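Student: Structure file run.cif (mmCIF, C-alpha atoms and all ligand atoms) is given on the next line.
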```cif
data_data
#
loop_
_atom_site.label_atom_id
_atom_site.label_comp_id
_atom_site.auth_asym_id
_atom_site.auth_seq_id
_atom_site.Cartn_x
_atom_site.Cartn_y
_atom_site.Cartn_z
CA MET A 159 48.37 79.60 -27.67
CA ARG A 160 44.99 79.63 -29.41
CA TYR A 161 43.85 82.86 -31.07
CA PHE A 162 40.21 83.47 -31.92
CA LEU A 163 39.52 86.17 -34.51
CA ILE A 164 36.07 87.69 -34.24
CA GLY A 165 34.28 90.43 -36.13
CA PHE A 166 31.51 91.19 -38.57
CA MET A 167 31.16 89.44 -41.94
CA GLY A 168 33.64 91.08 -44.30
CA SER A 169 35.96 92.30 -41.54
CA GLY A 170 38.82 90.21 -42.96
CA LYS A 171 39.05 87.42 -40.37
CA THR A 172 40.07 84.80 -42.93
CA THR A 173 42.64 86.99 -44.71
CA PHE A 174 44.15 88.30 -41.49
CA GLY A 175 43.93 84.90 -39.81
CA ARG A 176 45.87 83.17 -42.56
CA ALA A 177 48.61 85.81 -42.41
CA LEU A 178 48.77 85.75 -38.61
CA ALA A 179 48.95 81.95 -38.53
CA ALA A 180 51.78 81.99 -41.09
CA ARG A 181 53.61 84.62 -39.04
CA LEU A 182 53.24 82.57 -35.83
CA ALA A 183 53.88 79.29 -37.68
CA VAL A 184 50.75 77.66 -36.21
CA PRO A 185 47.78 75.99 -38.01
CA PHE A 186 45.02 78.19 -39.42
CA VAL A 187 41.46 77.02 -38.80
CA ASP A 188 38.52 78.59 -40.64
CA LEU A 189 35.45 77.65 -38.64
CA ASP A 190 32.98 78.07 -41.54
CA ALA A 191 35.19 75.98 -43.85
CA GLN A 192 35.50 73.35 -41.12
CA ILE A 193 31.70 73.24 -40.74
CA GLU A 194 31.17 72.90 -44.50
CA ALA A 195 33.77 70.14 -44.85
CA THR A 196 32.46 68.11 -41.91
CA GLU A 197 28.76 68.60 -42.57
CA GLY A 198 29.19 68.04 -46.33
CA ARG A 199 26.99 71.09 -47.06
CA THR A 200 27.64 74.76 -47.67
CA ILE A 201 26.64 77.34 -45.05
CA PRO A 202 23.81 78.65 -47.30
CA GLN A 203 22.54 75.05 -47.66
CA ILE A 204 22.56 74.52 -43.89
CA PHE A 205 20.60 77.77 -43.39
CA ALA A 206 18.13 76.85 -46.13
CA GLU A 207 17.60 73.22 -45.12
CA ALA A 208 17.92 73.31 -41.34
CA GLY A 209 17.48 76.98 -40.40
CA GLU A 210 19.64 79.42 -38.50
CA ALA A 211 19.00 77.91 -35.06
CA ALA A 212 20.34 74.53 -36.24
CA PHE A 213 23.35 76.26 -37.83
CA ARG A 214 24.14 77.97 -34.49
CA GLU A 215 24.12 74.60 -32.70
CA ILE A 216 26.50 73.17 -35.31
CA GLU A 217 28.71 76.26 -35.08
CA ARG A 218 28.84 75.98 -31.28
CA LYS A 219 29.93 72.34 -31.48
CA HIS A 220 32.65 73.06 -34.06
CA LEU A 221 33.90 76.00 -32.02
CA ARG A 222 34.28 73.73 -28.96
CA ASP A 223 36.10 71.19 -31.16
CA THR A 224 38.89 73.70 -31.83
CA SER A 225 40.16 72.93 -28.30
CA ARG A 226 41.91 69.93 -29.84
CA TYR A 227 44.45 72.38 -31.31
CA SER A 228 46.90 73.44 -28.63
CA GLU A 229 48.13 76.14 -30.99
CA ALA A 230 46.09 77.72 -33.78
CA VAL A 231 44.61 80.85 -35.24
CA VAL A 232 40.84 80.31 -35.54
CA ALA A 233 38.74 82.57 -37.78
CA THR A 234 35.15 82.42 -36.53
CA GLY A 235 31.93 83.32 -38.34
CA GLY A 236 30.60 86.82 -37.69
CA GLY A 237 27.74 85.56 -35.53
CA ALA A 238 29.69 83.00 -33.50
CA PRO A 239 30.50 85.26 -30.50
CA CYS A 240 26.85 86.33 -30.23
CA PHE A 241 25.22 82.98 -29.45
CA PHE A 242 25.21 80.76 -26.35
CA ASP A 243 28.22 81.37 -24.10
CA ASN A 244 30.58 81.22 -27.10
CA MET A 245 32.29 84.52 -26.32
CA ALA A 246 32.99 83.57 -22.70
CA TRP A 247 34.23 80.18 -23.87
CA MET A 248 36.65 81.75 -26.37
CA ASN A 249 37.94 84.18 -23.74
CA LYS A 250 38.59 81.24 -21.43
CA SER A 251 40.10 79.01 -24.09
CA GLY A 252 42.45 81.39 -25.87
CA THR A 253 43.21 84.95 -26.87
CA THR A 254 40.38 86.82 -28.58
CA ILE A 255 41.03 89.53 -31.17
CA TYR A 256 38.26 91.71 -32.58
CA LEU A 257 38.78 93.02 -36.13
CA GLN A 258 36.87 96.26 -36.09
CA ALA A 259 35.57 97.81 -39.32
CA SER A 260 33.21 100.69 -40.01
CA PRO A 261 29.78 100.04 -41.55
CA GLN A 262 30.99 101.86 -44.68
CA ILE A 263 34.02 99.59 -45.19
CA LEU A 264 31.88 96.54 -44.48
CA PHE A 265 29.28 97.70 -46.99
CA GLU A 266 31.87 98.20 -49.72
CA ARG A 267 33.22 94.68 -49.16
CA LEU A 268 29.92 92.91 -48.62
CA GLU A 269 28.22 94.47 -51.62
CA LYS A 270 30.44 92.25 -53.77
CA GLU A 271 30.37 89.25 -51.44
CA ALA A 272 26.82 89.03 -50.12
CA ALA A 273 25.86 86.06 -52.30
CA GLY A 274 27.53 83.34 -50.17
CA ARG A 275 26.16 84.79 -46.94
CA PRO A 276 22.61 83.69 -46.16
CA LEU A 277 21.89 86.61 -43.82
CA LEU A 278 22.64 89.12 -46.61
CA ALA A 279 22.16 87.31 -49.92
CA HIS A 280 18.66 88.56 -50.69
CA LEU A 281 19.28 92.24 -49.89
CA GLY A 282 19.53 95.17 -52.29
CA PRO A 283 22.08 97.94 -51.60
CA GLU A 284 19.87 100.06 -49.36
CA SER A 285 18.68 97.19 -47.21
CA LEU A 286 22.21 95.84 -47.06
CA GLN A 287 23.47 99.14 -45.65
CA ARG A 288 20.67 99.19 -43.05
CA VAL A 289 21.12 95.56 -42.02
CA ILE A 290 24.88 96.06 -41.57
CA VAL A 291 24.33 99.09 -39.29
CA GLU A 292 21.55 97.42 -37.26
CA THR A 293 23.28 94.05 -36.91
CA LEU A 294 26.60 95.63 -35.99
CA GLU A 295 24.86 97.68 -33.31
CA LYS A 296 23.44 94.51 -31.76
CA ARG A 297 26.67 92.58 -32.03
CA GLU A 298 29.12 95.22 -30.84
CA TRP A 299 28.35 94.35 -27.21
CA PHE A 300 29.67 90.83 -27.81
CA TYR A 301 32.62 91.89 -29.95
CA ALA A 302 33.66 94.41 -27.25
CA GLN A 303 34.31 91.50 -24.90
CA ALA A 304 37.40 90.53 -26.92
CA GLN A 305 40.69 90.82 -25.11
CA PHE A 306 42.27 92.73 -28.01
CA THR A 307 40.95 94.94 -30.78
CA VAL A 308 42.49 95.72 -34.15
CA PRO A 309 41.05 99.22 -34.56
CA GLN A 310 39.44 100.46 -37.74
CA SER A 311 42.30 100.70 -40.08
CA GLY A 312 41.33 100.26 -43.67
CA HIS A 313 42.77 96.85 -42.94
CA ASP A 314 46.26 97.08 -44.24
CA PHE A 315 46.99 93.71 -42.70
CA ASP A 316 50.66 93.64 -43.72
CA ARG A 317 51.22 96.84 -41.78
CA ILE A 318 49.26 95.48 -38.82
CA LEU A 319 51.34 92.32 -38.75
CA GLU A 320 54.58 94.36 -38.93
CA ASN A 321 53.45 96.45 -35.95
CA LEU A 322 51.31 93.96 -34.11
CA GLU A 323 52.25 95.05 -30.59
CA ALA A 324 51.77 98.74 -31.37
CA ILE A 325 48.47 98.42 -33.18
CA VAL A 326 46.56 95.66 -31.46
CA ARG A 327 45.14 97.31 -28.33
CA PRO A 328 44.38 95.39 -25.17
CA ASN A 329 40.87 96.24 -24.04
CA PRO A 330 41.34 97.99 -20.70
CA GLU A 331 38.80 96.08 -18.65
CA LYS A 332 40.00 92.63 -19.78
C1 LIG B 1 27.45 84.74 -40.24
C2 LIG B 1 28.71 84.91 -40.76
C3 LIG B 1 29.31 83.98 -41.72
C4 LIG B 1 28.72 82.58 -41.54
C5 LIG B 1 27.23 82.62 -41.59
C6 LIG B 1 26.61 83.55 -40.54
C7 LIG B 1 26.92 85.78 -39.30
O1 LIG B 1 30.72 83.95 -41.54
O2 LIG B 1 29.14 82.01 -40.32
O3 LIG B 1 26.88 83.05 -42.88
O4 LIG B 1 25.94 85.51 -38.59
O5 LIG B 1 27.51 86.89 -39.25
P1 LIG B 1 31.71 85.18 -42.03
O6 LIG B 1 31.75 86.17 -40.91
O7 LIG B 1 32.99 84.49 -42.23
O8 LIG B 1 31.12 85.73 -43.27
#
```
Could I get this file's structure written as structure tokens?
Tutor:
Amino acid sequence: MRYFLIGFMGSGKTTFGRALAARLAVPFVDLDAQIEATEGRTIPQIFAEAGEAAFREIERKHLRDTSRYSEAVVATGGGAPCFFDNMAWMNKSGTTIYLQASPQILFERLEKEAAGRPLLAHLGPESLQRVIVETLEKREWFYAQAQFTVPQSGHDFDRILENLEAIVRPNPEK
């Protein structure tokens, strides 16, 4: 089984994904890391040199390439479900899990980690807070299409992994 973890920047997809993959004893794939390794450039470099639209094309291609893993946990970039038909493709190609987090939790995390993220790097604290709220509002429609949601939790991932069946909620309409 292929699992796709989706959610906003700073929602913990990489941390949770690594732990989930270890628990399931399947490979862990970090889509952003895969893009950087294959393209030979960092994500900020791709944004700066080629622009966001080009990055989204590259991201789409690398996402499709994950179909070569019959079993894996794939951590996607925060924007991946929101472009092209990526979300529908993930739902068709594996199990999708949305890591939900409140704007406040995201702000606390991203304040320290904005530098490596081209969409946030230039923002001061007030703009960062506003951009998180506005972007999350736009993206929630895509994230809500996930088959499962890990609800806002403070992200005690050890506890979530211990109680995976109880905590991870199937989305009713999926
Ligand atoms: C992005 C999220 C990033 C990375 C790129 C764009 C986004 O991944 O793909 O900077 O649009 O939300 P993380 O969610 O791993 O930070």
Student: Smallest atom-to-atom distance to Cys240 of chain A: which of A:Leu286, A:Ala191, A:Ala304, A:Val326, using only C-alpha atoms?
Tutor: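 Comparing A:Leu286, A:Ala191, A:Ala304, A:Val326 against Cys240 of chain A, the winner is A:Ala304.
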Student: Go through the chains and note each residue within 10 Å of ligand LIG 1 (chain B), using all atoms listed in the file, then give the set as a PDB file with C-alpha atoms, keeping the file's coordinate frame.
Tutor:
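Saved file part18.pdb follows:
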```
ATOM      1  CA  ILE A 164      36.070  87.690 -34.240  1.00  0.00           C
ATOM      2  CA  GLY A 165      34.280  90.430 -36.130  1.00  0.00           C
ATOM      3  CA  PHE A 166      31.510  91.190 -38.570  1.00  0.00           C
ATOM      4  CA  MET A 167      31.160  89.440 -41.940  1.00  0.00           C
ATOM      5  CA  GLY A 168      33.640  91.080 -44.300  1.00  0.00           C
ATOM      6  CA  SER A 169      35.960  92.300 -41.540  1.00  0.00           C
ATOM      7  CA  GLY A 170      38.820  90.210 -42.960  1.00  0.00           C
ATOM      8  CA  LYS A 171      39.050  87.420 -40.370  1.00  0.00           C
ATOM      9  CA  THR A 172      40.070  84.800 -42.930  1.00  0.00           C
ATOM     10  CA  ASP A 188      38.520  78.590 -40.640  1.00  0.00           C
ATOM     11  CA  LEU A 189      35.450  77.650 -38.640  1.00  0.00           C
ATOM     12  CA  ASP A 190      32.980  78.070 -41.540  1.00  0.00           C
ATOM     13  CA  ALA A 191      35.190  75.980 -43.850  1.00  0.00           C
ATOM     14  CA  ILE A 193      31.700  73.240 -40.740  1.00  0.00           C
ATOM     15  CA  THR A 200      27.640  74.760 -47.670  1.00  0.00           C
ATOM     16  CA  ILE A 201      26.640  77.340 -45.050  1.00  0.00           C
ATOM     17  CA  PRO A 202      23.810  78.650 -47.300  1.00  0.00           C
ATOM     18  CA  ILE A 204      22.560  74.520 -43.890  1.00  0.00           C
ATOM     19  CA  PHE A 205      20.600  77.770 -43.390  1.00  0.00           C
ATOM     20  CA  GLU A 210      19.640  79.420 -38.500  1.00  0.00           C
ATOM     21  CA  PHE A 213      23.350  76.260 -37.830  1.00  0.00           C
ATOM     22  CA  ARG A 214      24.140  77.970 -34.490  1.00  0.00           C
ATOM     23  CA  GLU A 217      28.710  76.260 -35.080  1.00  0.00           C
ATOM     24  CA  ALA A 233      38.740  82.570 -37.780  1.00  0.00           C
ATOM     25  CA  THR A 234      35.150  82.420 -36.530  1.00  0.00           C
ATOM     26  CA  GLY A 235      31.930  83.320 -38.340  1.00  0.00           C
ATOM     27  CA  GLY A 236      30.600  86.820 -37.690  1.00  0.00           C
ATOM     28  CA  GLY A 237      27.740  85.560 -35.530  1.00  0.00           C
ATOM     29  CA  ALA A 238      29.690  83.000 -33.500  1.00  0.00           C
ATOM     30  CA  PRO A 239      30.500  85.260 -30.500  1.00  0.00           C
ATOM     31  CA  CYS A 240      26.850  86.330 -30.230  1.00  0.00           C
ATOM     32  CA  PHE A 241      25.220  82.980 -29.450  1.00  0.00           C
ATOM     33  CA  LEU A 268      29.920  92.910 -48.620  1.00  0.00           C
ATOM     34  CA  GLU A 271      30.370  89.250 -51.440  1.00  0.00           C
ATOM     35  CA  ALA A 272      26.820  89.030 -50.120  1.00  0.00           C
ATOM     36  CA  ALA A 273      25.860  86.060 -52.300  1.00  0.00           C
ATOM     37  CA  GLY A 274      27.530  83.340 -50.170  1.00  0.00           C
ATOM     38  CA  ARG A 275      26.160  84.790 -46.940  1.00  0.00           C
ATOM     39  CA  PRO A 276      22.610  83.690 -46.160  1.00  0.00           C
ATOM     40  CA  LEU A 277      21.890  86.610 -43.820  1.00  0.00           C
ATOM     41  CA  LEU A 278      22.640  89.120 -46.610  1.00  0.00           C
ATOM     42  CA  ALA A 279      22.160  87.310 -49.920  1.00  0.00           C
ATOM     43  CA  ILE A 290      24.880  96.060 -41.570  1.00  0.00           C
ATOM     44  CA  THR A 293      23.280  94.050 -36.910  1.00  0.00           C
ATOM     45  CA  LEU A 294      26.600  95.630 -35.990  1.00  0.00           C
ATOM     46  CA  ARG A 297      26.670  92.580 -32.030  1.00  0.00           C
TER      47      ARG A 297
END
```
Student: Just the number, please: distance in Å from atom CA of Asp316 of chain A to atom CA of Glu298 of chain A, one decimal.
Tutor: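 The value is 25.1 Å.
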Student: Looking at A:Ala195, A:Val289, A:Leu322, A:Val187, which one is nearest to Thr224 of chain A, with distances taken over only C-alpha atoms?
Tutor: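 That would be A:Val187, the residue with the smallest distance to Thr224 of chain A.
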Student: Can you measure atom CA of Leu281 of chain A to atom CA of Arg267 of chain A for me? One decimal in Å is fine.
Tutor: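 Between atom CA of Leu281 of chain A and atom CA of Arg267 of chain A the gap is 14.2 Å.
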Student: What's the separation between atom CA of Gly198 of chain A and atom CA of Ala211 of chain A, in Å to one decimal place?
Tutor: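 Interatomic distance here is 18.1 Å.
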